Structure formats: structure tokens, C-alpha cells
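Data file: entry29.cif. Format and content: mmCIF, C-alpha atoms and all ligand atoms.
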```
data_model
#
loop_
_atom_site.label_atom_id
_atom_site.label_comp_id
_atom_site.auth_asym_id
_atom_site.auth_seq_id
_atom_site.Cartn_x
_atom_site.Cartn_y
_atom_site.Cartn_z
CA MET A 1 4.80 22.96 7.17
CA THR A 2 1.35 23.67 8.61
CA GLU A 3 0.82 24.23 12.32
CA SER A 4 -1.74 21.42 12.33
CA PHE A 5 0.84 18.95 10.97
CA ARG A 6 3.32 20.08 13.65
CA LEU A 7 0.69 19.38 16.26
CA LYS A 8 -0.01 15.96 14.75
CA ALA A 9 3.73 15.12 14.85
CA LYS A 10 3.92 16.23 18.49
CA MET A 11 0.96 14.02 19.38
CA PHE A 12 2.60 11.07 17.60
CA GLU A 13 5.57 11.73 19.89
CA GLN A 14 3.78 12.41 23.16
CA GLY A 15 0.24 11.11 22.86
CA ILE A 16 -2.52 13.15 24.46
CA ASN A 17 -3.66 13.61 28.04
CA ILE A 18 -7.46 13.33 28.15
CA SER A 19 -9.27 15.27 30.87
CA ASN A 20 -12.07 13.60 32.83
CA ALA A 21 -14.67 15.95 31.32
CA ALA A 22 -13.43 15.09 27.80
CA LYS A 23 -13.61 11.38 28.69
CA GLN A 24 -17.26 11.85 29.60
CA ILE A 25 -18.01 13.23 26.15
CA LEU A 26 -16.06 10.41 24.51
CA ASN A 27 -17.92 7.83 26.59
CA GLN A 28 -21.24 9.30 25.44
CA LYS A 29 -20.19 8.86 21.82
CA SER A 30 -18.98 5.28 22.06
CA ASP A 31 -17.54 2.79 24.49
CA ILE A 32 -14.80 1.91 22.01
CA TRP A 33 -13.40 5.37 21.35
CA LEU A 34 -9.95 4.15 22.42
CA MET A 35 -9.07 1.41 19.96
CA LYS A 36 -6.75 -1.41 20.95
CA ASP A 37 -5.77 -2.75 17.60
CA TYR A 38 -2.62 -3.47 15.67
CA ILE A 39 0.13 -1.10 16.60
CA THR A 40 -0.34 1.66 14.04
CA CYS A 41 -4.11 1.82 14.53
CA SER A 42 -4.38 1.92 18.32
CA GLY A 43 -5.51 5.02 20.15
CA LEU A 44 -7.99 7.84 19.76
CA THR A 45 -8.63 9.25 16.28
CA LEU A 46 -8.86 13.04 16.15
CA VAL A 47 -9.84 15.30 13.27
CA PHE A 48 -8.69 18.90 13.59
CA SER A 49 -7.97 21.66 11.05
CA ASP A 50 -6.98 19.65 7.97
CA GLU A 51 -5.43 16.71 9.81
CA TYR A 52 -6.45 13.25 10.99
CA ALA A 53 -4.38 11.59 13.72
CA THR A 54 -4.68 8.40 15.74
CA VAL A 55 -2.81 9.08 18.95
CA ALA A 56 -2.13 7.29 22.21
CA MET A 57 -3.80 8.26 25.47
CA THR A 58 -0.82 9.34 27.61
CA PRO A 59 -1.46 10.98 31.00
CA SER A 60 2.07 12.48 31.04
CA SER A 61 1.64 14.32 27.70
CA THR A 62 1.89 18.12 27.74
CA ILE A 63 -0.87 18.18 25.11
CA GLN A 64 -4.36 17.91 26.51
CA LEU A 65 -7.81 17.06 25.25
CA ILE A 66 -10.32 19.15 27.14
CA GLU A 67 -14.04 19.80 27.10
CA LYS A 68 -15.52 23.29 26.71
CA ASN A 69 -19.20 24.01 26.10
CA ASN A 70 -19.77 20.35 25.27
CA SER A 71 -17.11 20.43 22.51
CA LEU A 72 -13.60 18.97 22.47
CA PHE A 73 -10.42 21.03 22.16
CA ILE A 74 -6.73 20.18 21.87
CA VAL A 75 -4.64 22.39 24.13
CA GLU A 76 -0.89 22.84 23.77
CA PRO A 77 1.03 24.92 26.34
CA ASN A 78 1.05 28.62 25.35
CA LYS A 79 -1.10 28.08 22.27
CA ASP A 80 -4.74 28.74 21.44
CA PRO A 81 -7.02 25.70 21.89
CA ILE A 82 -7.90 23.94 18.64
CA LYS A 83 -11.35 22.50 18.19
CA THR A 84 -11.38 18.82 17.31
CA GLU A 85 -13.84 16.14 16.37
CA ILE A 86 -13.25 12.48 17.02
CA ILE A 87 -13.93 9.45 14.87
CA VAL A 88 -15.38 6.51 16.70
CA PRO A 89 -15.25 3.05 15.15
CA PRO A 90 -18.52 1.50 13.95
CA ASN A 91 -20.41 -0.66 16.41
CA TYR A 92 -19.31 -3.99 14.98
CA MET A 93 -15.77 -3.15 16.15
CA LYS A 94 -16.99 -3.87 19.68
CA ASP A 95 -16.19 -7.37 18.52
CA GLU A 96 -19.29 -9.04 19.90
CA ILE A 97 -20.30 -10.70 16.60
CA ILE A 98 -19.06 -14.26 16.08
CA ILE A 99 -18.68 -15.61 12.56
CA GLU A 100 -17.61 -19.21 12.11
CA ASN A 101 -16.17 -19.32 15.63
CA LYS A 102 -14.10 -16.17 15.22
CA THR A 103 -14.89 -12.65 16.32
CA ILE A 104 -15.70 -10.30 13.46
CA THR A 105 -12.56 -8.16 13.73
CA VAL A 106 -10.48 -11.20 12.84
CA TYR A 107 -12.00 -10.72 9.37
CA CYS A 108 -12.38 -7.00 8.99
CA ASN A 109 -11.83 -3.66 10.68
CA THR A 110 -12.80 -0.11 9.84
CA TYR A 111 -10.37 2.79 10.22
CA THR A 112 -11.70 6.21 9.27
CA ASP A 113 -12.60 5.82 5.56
CA ARG A 114 -11.18 2.39 4.88
CA LEU A 115 -12.25 -1.12 5.65
CA ARG A 116 -9.45 -3.64 5.98
CA LEU A 117 -10.34 -7.15 4.91
CA GLN A 118 -7.88 -9.57 6.45
CA LEU A 119 -7.47 -12.72 4.42
CA ILE A 120 -4.89 -14.30 6.72
CA SER A 121 -4.53 -13.87 10.47
CA GLY A 122 -0.92 -13.68 11.59
CA CYS A 123 1.99 -13.62 9.18
CA MET A 124 4.82 -15.87 8.17
CA ASN A 125 7.23 -12.92 8.40
CA THR A 126 8.83 -11.70 11.59
CA CYS A 127 9.21 -7.93 11.15
CA LYS A 128 10.44 -6.69 14.50
CA PHE A 129 8.19 -3.62 14.65
CA CYS A 130 4.98 -5.54 13.95
CA ASN A 131 2.70 -7.52 16.24
CA ALA A 132 1.22 -9.76 13.50
CA LYS A 133 3.42 -12.58 14.79
CA GLU A 134 1.38 -12.63 18.02
CA PHE A 135 -1.52 -14.11 16.04
CA LYS A 136 -1.72 -17.66 14.77
CA TYR A 137 -0.99 -17.96 11.05
CA GLU A 138 -4.33 -19.04 9.62
CA PHE A 139 -6.41 -18.35 6.52
CA ASN A 140 -9.86 -16.88 7.06
CA SER A 141 -12.61 -18.53 5.05
CA ILE A 142 -14.13 -16.70 2.09
CA SER A 143 -17.63 -17.22 3.53
CA GLY A 144 -16.60 -15.74 6.89
CA LEU A 145 -14.86 -12.81 5.21
CA GLU A 146 -17.86 -12.07 3.07
CA LYS A 147 -20.28 -12.12 6.00
CA ALA A 148 -17.99 -9.77 7.93
CA LEU A 149 -17.53 -7.50 4.91
CA LYS A 150 -21.28 -7.10 4.50
CA ILE A 151 -21.71 -6.16 8.16
CA GLY A 152 -18.73 -3.80 7.98
CA LEU A 153 -20.06 -2.07 4.88
CA SER A 154 -23.54 -1.75 6.35
CA GLN A 155 -22.19 0.05 9.43
CA SER A 156 -19.61 2.39 7.98
CA ASP A 157 -19.47 4.73 5.06
CA VAL A 158 -16.07 3.68 3.72
CA ARG A 159 -14.35 4.95 0.59
CA HIS A 160 -11.95 2.08 0.07
CA ILE A 161 -11.43 -1.55 0.89
CA LEU A 162 -7.89 -2.56 1.75
CA ILE A 163 -7.37 -6.25 1.13
CA SER A 164 -4.55 -7.09 3.41
CA SER A 165 -3.04 -10.07 5.07
CA GLY A 166 0.16 -11.09 6.63
CA SER A 167 2.65 -12.60 4.21
CA ALA A 168 1.68 -16.10 3.13
CA LYS A 169 3.89 -19.17 3.17
CA VAL A 170 5.21 -19.84 -0.33
CA GLU A 171 3.07 -22.98 -0.64
CA ASP A 172 0.00 -20.86 0.19
CA LEU A 173 0.56 -18.26 -2.55
CA PRO A 174 -1.88 -19.93 -5.01
CA LYS A 175 -4.58 -20.04 -2.32
CA LEU A 176 -4.12 -16.34 -1.62
CA THR A 177 -4.44 -15.61 -5.35
CA GLU A 178 -7.75 -17.51 -5.43
CA MET A 179 -9.01 -15.23 -2.67
CA TYR A 180 -7.83 -12.11 -4.49
CA ASP A 181 -9.66 -13.40 -7.56
CA TYR A 182 -12.88 -13.96 -5.62
CA PHE A 183 -13.03 -10.56 -3.94
CA GLY A 184 -11.48 -8.68 -6.87
CA LYS A 185 -14.03 -9.95 -9.37
CA LYS A 186 -17.04 -9.75 -7.07
CA TYR A 187 -16.38 -6.34 -5.53
CA SER A 188 -14.56 -4.49 -8.29
CA ASP A 189 -17.19 -1.73 -8.16
CA LEU A 190 -15.61 -0.77 -4.82
CA ASP A 191 -12.21 0.91 -4.64
CA LEU A 192 -10.08 -2.16 -3.89
CA ASP A 193 -6.52 -1.66 -2.71
CA LEU A 194 -4.21 -4.59 -2.14
CA MET A 195 -1.37 -4.61 0.37
CA MET A 196 1.24 -7.14 -0.68
CA THR A 197 4.89 -8.02 -1.04
CA PRO A 198 6.50 -8.50 -4.45
CA ARG A 199 5.41 -11.90 -5.72
CA GLY A 200 4.40 -13.94 -8.69
CA PHE A 201 1.93 -16.81 -8.95
CA THR A 202 4.15 -19.28 -7.09
CA SER A 203 7.17 -17.44 -5.76
CA TYR A 204 8.29 -14.25 -4.04
CA THR A 205 11.64 -14.11 -5.75
CA ASN A 206 11.16 -15.30 -9.34
CA ILE A 207 11.06 -11.97 -11.15
CA GLU A 208 9.98 -13.68 -14.36
CA GLU A 209 6.48 -14.05 -12.83
CA TYR A 210 6.13 -10.45 -11.62
CA GLU A 211 4.75 -8.79 -14.74
CA SER A 212 2.13 -11.42 -15.51
CA TYR A 213 1.06 -11.49 -11.88
CA LEU A 214 0.60 -7.72 -11.74
CA LYS A 215 -1.40 -7.83 -14.97
CA HIS A 216 -3.56 -10.54 -13.45
CA LEU A 217 -4.29 -8.38 -10.38
CA LYS A 218 -5.31 -5.50 -12.61
CA GLU A 219 -7.55 -7.74 -14.70
CA ILE A 220 -9.45 -9.08 -11.67
CA GLY A 221 -10.38 -5.56 -10.55
CA ILE A 222 -7.75 -4.42 -8.06
CA SER A 223 -7.44 -0.64 -8.35
CA GLY A 224 -4.33 0.19 -6.32
CA LEU A 225 -1.36 -1.44 -4.63
CA SER A 226 0.52 -0.86 -1.43
CA ILE A 227 3.91 -2.57 -1.51
CA ASN A 228 5.86 -1.50 1.54
CA MET A 229 9.63 -1.27 1.29
CA GLU A 230 9.76 -0.29 5.03
CA LEU A 231 13.48 0.60 5.17
CA ASN A 232 16.15 1.65 2.71
CA ASN A 233 19.31 0.55 4.46
CA SER A 234 20.04 -3.12 3.72
CA ASP A 235 21.57 -3.85 7.17
CA CYS A 236 18.56 -2.32 8.91
CA LEU A 237 16.21 -4.24 6.64
CA GLN A 238 18.05 -7.48 7.45
CA LYS A 239 17.79 -6.72 11.16
CA TYR A 240 14.17 -5.58 11.31
CA CYS A 241 12.52 -7.34 8.34
CA PRO A 242 14.62 -10.42 7.53
CA GLU A 243 12.11 -11.96 5.12
CA LYS A 244 11.73 -8.70 3.18
CA ALA A 245 15.54 -8.50 3.07
CA ASP A 246 15.54 -11.98 1.51
CA ILE A 247 13.36 -10.65 -1.31
CA GLY A 248 15.80 -7.74 -1.52
CA GLN A 249 15.44 -4.10 -2.45
CA ASP A 250 16.30 -4.69 -6.12
CA ARG A 251 13.29 -6.97 -6.51
CA TYR A 252 11.08 -4.52 -4.58
CA LEU A 253 12.05 -1.68 -6.89
CA TYR A 254 11.68 -3.83 -9.98
CA PHE A 255 8.21 -4.95 -8.87
CA LEU A 256 7.19 -1.40 -7.95
CA ASP A 257 8.40 -0.07 -11.28
CA LEU A 258 6.34 -2.68 -13.14
CA ALA A 259 3.36 -1.98 -10.88
CA VAL A 260 3.46 1.74 -11.74
CA LYS A 261 3.65 0.91 -15.45
CA ILE A 262 0.69 -1.48 -15.21
CA PHE A 263 -1.55 0.30 -12.66
CA GLY A 264 -0.54 3.87 -13.50
CA LYS A 265 0.82 6.84 -11.59
CA ASN A 266 -0.73 7.52 -8.17
CA LYS A 267 -2.02 3.96 -7.96
CA VAL A 268 1.04 2.41 -6.31
CA ARG A 269 2.44 3.42 -2.95
CA SER A 270 5.17 2.18 -0.65
CA LEU A 271 5.65 2.86 3.01
CA LEU A 272 8.91 3.81 4.72
CA ILE A 273 9.26 3.83 8.48
CA VAL A 274 10.68 7.03 9.95
CA GLY A 275 12.74 6.58 13.09
CA LEU A 276 14.20 3.12 12.63
CA GLU A 277 17.12 4.08 10.38
CA PRO A 278 18.97 7.39 9.95
CA LEU A 279 16.92 10.09 8.22
CA GLU A 280 19.31 10.21 5.25
CA GLU A 281 18.51 6.54 4.60
CA THR A 282 14.77 7.23 4.67
CA LEU A 283 15.30 10.08 2.22
CA LYS A 284 17.32 7.86 -0.12
CA GLY A 285 14.37 5.45 -0.04
CA VAL A 286 11.94 8.29 -0.80
CA GLU A 287 14.07 9.29 -3.81
CA LYS A 288 14.22 5.72 -5.16
CA LEU A 289 10.44 5.41 -4.94
CA ALA A 290 9.65 8.87 -6.31
CA LYS A 291 12.01 8.33 -9.24
CA ILE A 292 9.96 5.37 -10.50
CA GLY A 293 6.63 7.14 -10.00
CA CYS A 294 5.61 5.34 -6.80
CA ASN A 295 4.06 7.44 -4.03
CA PRO A 296 6.18 7.19 -0.87
CA VAL A 297 4.21 7.01 2.39
CA LEU A 298 6.00 8.00 5.60
CA SER A 299 5.04 6.05 8.68
CA PRO A 300 6.20 7.26 12.08
CA LEU A 301 7.76 4.48 14.10
CA PHE A 302 5.29 3.21 16.67
CA PRO A 303 7.67 1.65 19.21
CA TYR A 304 7.25 -2.07 19.71
CA GLY A 305 9.43 -5.01 20.70
CA GLU A 306 13.00 -4.67 19.45
CA ALA A 307 12.05 -1.57 17.45
CA ASN A 308 11.48 0.35 20.62
CA PHE A 309 12.91 3.81 19.85
CA PRO A 310 11.14 6.88 21.21
CA PRO A 311 9.09 8.70 18.55
CA ASN A 312 10.54 12.10 17.70
CA ALA A 313 8.30 14.92 16.47
CA GLU A 314 11.18 17.02 15.09
CA LEU A 315 12.39 14.04 13.07
CA PHE A 316 8.86 13.42 11.74
CA ILE A 317 8.51 17.07 10.68
CA LYS A 318 11.96 17.15 9.03
CA ALA A 319 11.27 13.84 7.26
CA ARG A 320 8.04 15.19 5.84
CA GLU A 321 9.56 18.53 4.77
CA LEU A 322 12.57 16.98 3.04
CA SER A 323 10.54 14.16 1.45
CA GLU A 324 8.12 16.68 -0.03
CA LYS A 325 11.07 18.50 -1.63
CA ILE A 326 12.35 15.25 -3.15
CA CYS A 327 8.91 14.30 -4.44
CA LYS A 328 8.47 17.71 -6.05
CA LYS A 329 11.58 17.06 -8.16
CA TYR A 330 9.89 13.97 -9.61
CA ASP A 331 6.39 15.46 -9.83
CA ILE A 332 5.01 12.91 -7.41
CA GLU A 333 3.15 13.33 -4.14
CA LEU A 334 3.56 11.64 -0.80
CA GLY A 335 0.74 9.20 -0.14
CA PRO A 336 -1.83 8.39 0.96
CA PHE A 337 -4.06 10.68 -1.12
CA CYS A 338 -7.07 10.15 1.08
CA LYS A 339 -6.75 12.50 4.05
CA PRO A 340 -8.70 10.28 6.50
CA CYS A 341 -6.36 7.40 5.60
CA SER A 342 -3.41 9.52 6.71
CA HIS A 343 -4.51 9.18 10.35
CA ASN A 344 -1.46 7.02 11.13
CA THR A 345 1.06 8.41 8.62
CA LEU A 346 3.11 11.60 8.28
S1 LIG A 401 5.08 -8.56 6.54
FE1 LIG A 401 3.65 -7.01 7.29
S2 LIG A 401 2.21 -8.13 8.61
FE2 LIG A 401 3.99 -9.45 8.30
S3 LIG A 401 5.32 -9.09 10.05
FE3 LIG A 401 6.01 -7.73 8.39
S4 LIG A 401 4.90 -5.77 8.71
FE4 LIG A 401 3.86 -7.39 9.94
#
```

Spit out the file's structure as C-alpha cells when you get a sec.
Ligand code: SF4
Amino acid sequence: MTESFRLKAKMFEQGINISNAAKQILNQKSDIWLMKDYITCSGLTLVFSDEYATVAMTPSSTIQLIEKNNSLFIVEPNKDPIKTEIIVPPNYMKDEIIIENKTITVYCNTYTDRLRLQLISGCMNTCKFCNAKEFKYEFNSISGLEKALKIGLSQSDVRHILISSGSAKVEDLPKLTEMYDYFGKKYSDLDLDLMMTPRGFTSYTNIEEYESYLKHLKEIGISGLSINMELNNSDCLQKYCPEKADIGQDRYLYFLDLAVKIFGKNKVRSLLIVGLEPLEETLKGVEKLAKIGCNPVLSPLFPYGEANFPPNAELFIKARELSEKICKKYDIELGPFCKPCSHNTL
């Protein structure tokens, strides 16, 4: 395990204490260097050695961000300072632009190298570690999304577009497909990733529809899929993601397996949360995903609501080390492949 990853894990645990001189430099770069966004994307984004990390500003942290000769350095007790750059969000993320009576970040957001296009605000699911439920469940209009997308693309040099949304009500599934069709066909020259739950044209649970639906997504120009299993243990899944538990792990794995066959290896990933269930459960999940050729993505738990366990750097490091060993057995890599997109993952 590299020293830079260890440092990243420690900052996920502790956050970083930012000196006043460092704050001055950050303020010169942007007045939105500290993002307040959805839970896994809030904080300051640092780039150091070969790592990207979005970390919380925590005055009690033993790790400091300091200024020296007009540059920024991360300082750990008894270690040499490490030079770091920061990534500031593009200007539109100041959220001063109004499109169809909504601020622009309701439609899209930029994080490092990816632009997230949010088709639905809020979510019909109630995952306990996620703050999507704080937002009203509402579709964004295609015209509003497109205006926001154009502004977002003009202000940031992104490598991928992540089409994401909260989970739709079953009766809204056809409407969501129409939106996938619109953006998939029109923007297929861009690298379009879709974050979704297993589903068909009209149902989450009818596995008969899965294959034809996945083929449809490929045909309209979607290049990769992110289908997040979140947890391996069925009791934990029931407790923390009841709607995903209703779909059930068997359907998730069946859908993921089909997705890999249709989209190809290294085009389908699935996220597991580290810190919400015992590590051996996470590792069982990693093995199930790796076995079918899906890239597991490890997400450190960002405490929230009922999922309020303290982040643990040692656990994050161990999870990464052991998951890499499992993946090696199946000749598969942990995702995401894009280093900047790993700013909030292990
Ligand atoms: S399905 Fe996704 S967006 Fe919806 S509550 Fe769960 S984690 Fe949040």
C-alpha cells in the first residue's frame, strides 16, 4: 500500500486542519473551495502524489494543510510535508445561475473530471446513509438539463458525464428511459456513464426485462454502468437500504452479470460501503462482484443520520489491501479507473 493512499485514508478518517495562511491561498483561488454538496462530495479536494481526495475541514485533525512559499503542503506529525494542489469547482458551482426557476446545481455538478447530470432531484428510496431524501422528489426538465449541461461543459474540462438520479417511482420508469434515450442518443460522443439500480422497462424486479433493457441502454449510446450493491449482508441491506433489499442481491448479481456480458469487462462497476458492515462481509461482496467481471468500488462510510459510525483509516487500508488480493484472483481491478474520479473512494 502506498504512503499516499495511507495518508488519504487518514484524511478520510480525520479530515484536515487548514491553517489561516493556507486559507488565504484557497480564498485567492476560489470562494467555493470548500464544497457543501451531497455527503460523499463535500469538502476540499486535494491532489498529492498519485492520489485525489475530497476531505472535510476539521480543526481538531492532527493532519494540517499549511502554506510555504506560496504553495500548499500536507503535514502529518513526524513526517515530511507533502506538496499538494487543490481542485476548485468551476464557477457555475457558485450556484448563482437560475434555469427554469431552479439553481443550476439542481441539474448538474462537476467533481474533478466528471460532470453529474441529475435527471431527478430527491429519490424514492430511503437509504439511511444518503441525504437524497432531504430533497423533493421531482423530475428535472430536459430543456433545463440541457441548458445546465452546456454551461457545465463550457466551464470545465470533464472526461465523463455521469447520468445519475435518485431511484424513480415504478410508474416513472418509462419517463426516465425517455430521458436516457434523449441524452444517450444526442451526447453519445461523450463518455456517458449511467448510475442505476437493476431494472427493466417497467419494473425493478421482473428479471425477464433485464437483458432487453441493458441492450437498449447500450444501443442508445451509454458507455458504462454503475450499479451499486452497497452492502453484502442481507440484514444490513434491509436495515440501511430497504428498497435495494426488496430488489434483492440475487437480482443485483444477475443484472450485473448480464451488464458485464453486454457492456464488456471494465465497463460495469458496483460500489460497496466500507464501515457499515463487518469487513468480512464487504470482502464477500467484493468476491461476488469480481467473480462476474464487475469492478468493485470501495466507498468509505461518510457518517450521516443512522449510519453514523466513525470512519476508520486502518479499516479503509485493510479493506483496500484485501480487496486488491481478491480482485487479482479474478483478473479484475478495483474501480474507478479514472484517478480523479477516485477522490471520494478507496
Ligand atoms: S438509491 Fe441512491 S440516491 Fe437514493 S437514497 Fe439510496 S443511495 Fe441515495

Which residues of chain A come within 9 Å of ligand LIG 401 (chain A), and for each one, what is the closest pair of atoms and their distance in Å to one decimal, counting all atoms listed in the file, sorted by chain and residue number, as CSV?
```
residue,atom,partner,partner_atom,distance
A:Gly122,CA,A:LIG401,S2,7.0
A:Cys123,CA,A:LIG401,FE2,4.7
A:Met124,CA,A:LIG401,FE2,6.5
A:Asn125,CA,A:LIG401,S3,4.6
A:Thr126,CA,A:LIG401,S3,4.6
A:Cys127,CA,A:LIG401,S3,4.2
A:Lys128,CA,A:LIG401,S3,7.2
A:Phe129,CA,A:LIG401,S4,7.1
A:Cys130,CA,A:LIG401,FE4,4.6
A:Asn131,CA,A:LIG401,FE4,6.4
A:Ala132,CA,A:LIG401,FE4,5.0
A:Lys133,CA,A:LIG401,S3,6.2
A:Ser164,CA,A:LIG401,S2,8.6
A:Ser165,CA,A:LIG401,S2,6.6
A:Gly166,CA,A:LIG401,S2,4.1
A:Ser167,CA,A:LIG401,S1,5.3
A:Ala168,CA,A:LIG401,FE2,8.7
A:Met195,CA,A:LIG401,FE1,8.9
A:Met196,CA,A:LIG401,S1,8.3
A:Thr197,CA,A:LIG401,S1,7.6
A:Asn228,CA,A:LIG401,FE1,8.3
A:Glu230,CA,A:LIG401,S4,8.2
A:Tyr240,CA,A:LIG401,FE3,8.9
A:Cys241,CA,A:LIG401,FE3,6.5
A:Glu243,CA,A:LIG401,S1,7.9
A:Lys244,CA,A:LIG401,S1,7.5
```

Work out where the centre of an axis-aligned box around every listed atom of region 27-33 of chain A lies and how long its edges are once 8 Å is added on each side; give both in Å to one decimal as JSON.
```
{"center_x": -17.3, "center_y": 5.6, "center_z": 24.0, "size_x": 23.8, "size_y": 23.4, "size_z": 21.2}
```

Could you state the separation of CA of Pro59 (chain A) and CA of Asn17 (chain A) in Å, given to one decimal place?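 Computed distance, CA of Pro59 (chain A) to CA of Asn17 (chain A), equals 4.5 Å.
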
Within 7 Å of (5.1, 3.6, 11.0) in the file's own coordinates, which protein, DNA or RNA residues have an atom, counting all atoms listed in the file? List them as a PyMOL selection string. chain A and resi 40+273-274+299-302+345

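The gap separating CA of Leu283 (chain A) from CA of Leu44 (chain A) is 29.2 Å, in Å to one decimal.
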
Distance CA of Tyr107 (chain A)-CA of Ile120 (chain A), one decimal place?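 According to the coordinates, CA of Tyr107 (chain A) and CA of Ile120 (chain A) are separated by 8.4 Å.
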
Give the answer as one residue: which of A:Leu176, A:Val158, A:Ala9, A:Ile25 has the shortest atom-to-atom distance to Thr202 (chain A), using all atoms listed in the file?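 Using all atoms listed in the file, Thr202 (chain A) sits closest to A:Leu176.
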
Which residue out of A:Leu214, A:Ile247, A:Ile292, A:Ala148 has the minimum interatomic distance to Phe263 (chain A) when all atoms listed in the file are used?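 Nearest to Phe263 (chain A): A:Leu214.
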
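Using all atoms listed in the file, the residues found no farther than 10 Å from Glu280 (chain A), other than those of its own chain fewer than 5 positions away, are Asn232, Asn233, Gly285, Val286, Ala319 and Leu322 of chain A.
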
So, counting only C-alpha atoms, which residue among A:Arg159, A:Lys29, A:Lys68, A:Lys267 is closest to Pro90 (chain A)? A:Lys29

Looking at A:Glu333, A:Asp37, A:Glu138, A:Asp191, which one is nearest to Lys265 (chain A), with distances taken over all atoms listed in the file? A:Glu333

Rank nothing, just name the residue among A:Gly152, A:Pro81, A:Pro89, A:Gly224 nearest to Leu117 (chain A), using only C-alpha atoms.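 Between A:Gly152, A:Pro81, A:Pro89, A:Gly224, the residue approaching Leu117 (chain A) most closely is A:Gly152.
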
Looking at A:Ser342, A:Asn91, A:Asn101, A:Thr282, which one is nearest to Asp31 (chain A), with distances taken over all atoms listed in the file?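 Under the stated criterion, the closest residue is A:Asn91.
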
Is it possible to get the residues within 10 Å of (-17.9, -17.4, 12.9) (coordinates as in the file, counting all atoms listed in the file) written as a PDB file with C-alpha atoms, in the coordinates of the input?
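The resulting file, selection_37.pdb, is reproduced below:
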```
ATOM      1  CA  ILE A  97     -20.300 -10.700  16.600  1.00  0.00           C
ATOM      2  CA  ILE A  98     -19.060 -14.260  16.080  1.00  0.00           C
ATOM      3  CA  ILE A  99     -18.680 -15.610  12.560  1.00  0.00           C
ATOM      4  CA  GLU A 100     -17.610 -19.210  12.110  1.00  0.00           C
ATOM      5  CA  ASN A 101     -16.170 -19.320  15.630  1.00  0.00           C
ATOM      6  CA  LYS A 102     -14.100 -16.170  15.220  1.00  0.00           C
ATOM      7  CA  THR A 103     -14.890 -12.650  16.320  1.00  0.00           C
ATOM      8  CA  ILE A 104     -15.700 -10.300  13.460  1.00  0.00           C
ATOM      9  CA  VAL A 106     -10.480 -11.200  12.840  1.00  0.00           C
ATOM     10  CA  TYR A 107     -12.000 -10.720   9.370  1.00  0.00           C
ATOM     11  CA  ASN A 140      -9.860 -16.880   7.060  1.00  0.00           C
ATOM     12  CA  SER A 141     -12.610 -18.530   5.050  1.00  0.00           C
ATOM     13  CA  SER A 143     -17.630 -17.220   3.530  1.00  0.00           C
ATOM     14  CA  GLY A 144     -16.600 -15.740   6.890  1.00  0.00           C
ATOM     15  CA  LEU A 145     -14.860 -12.810   5.210  1.00  0.00           C
ATOM     16  CA  LYS A 147     -20.280 -12.120   6.000  1.00  0.00           C
ATOM     17  CA  ALA A 148     -17.990  -9.770   7.930  1.00  0.00           C
TER      18      ALA A 148
END
```
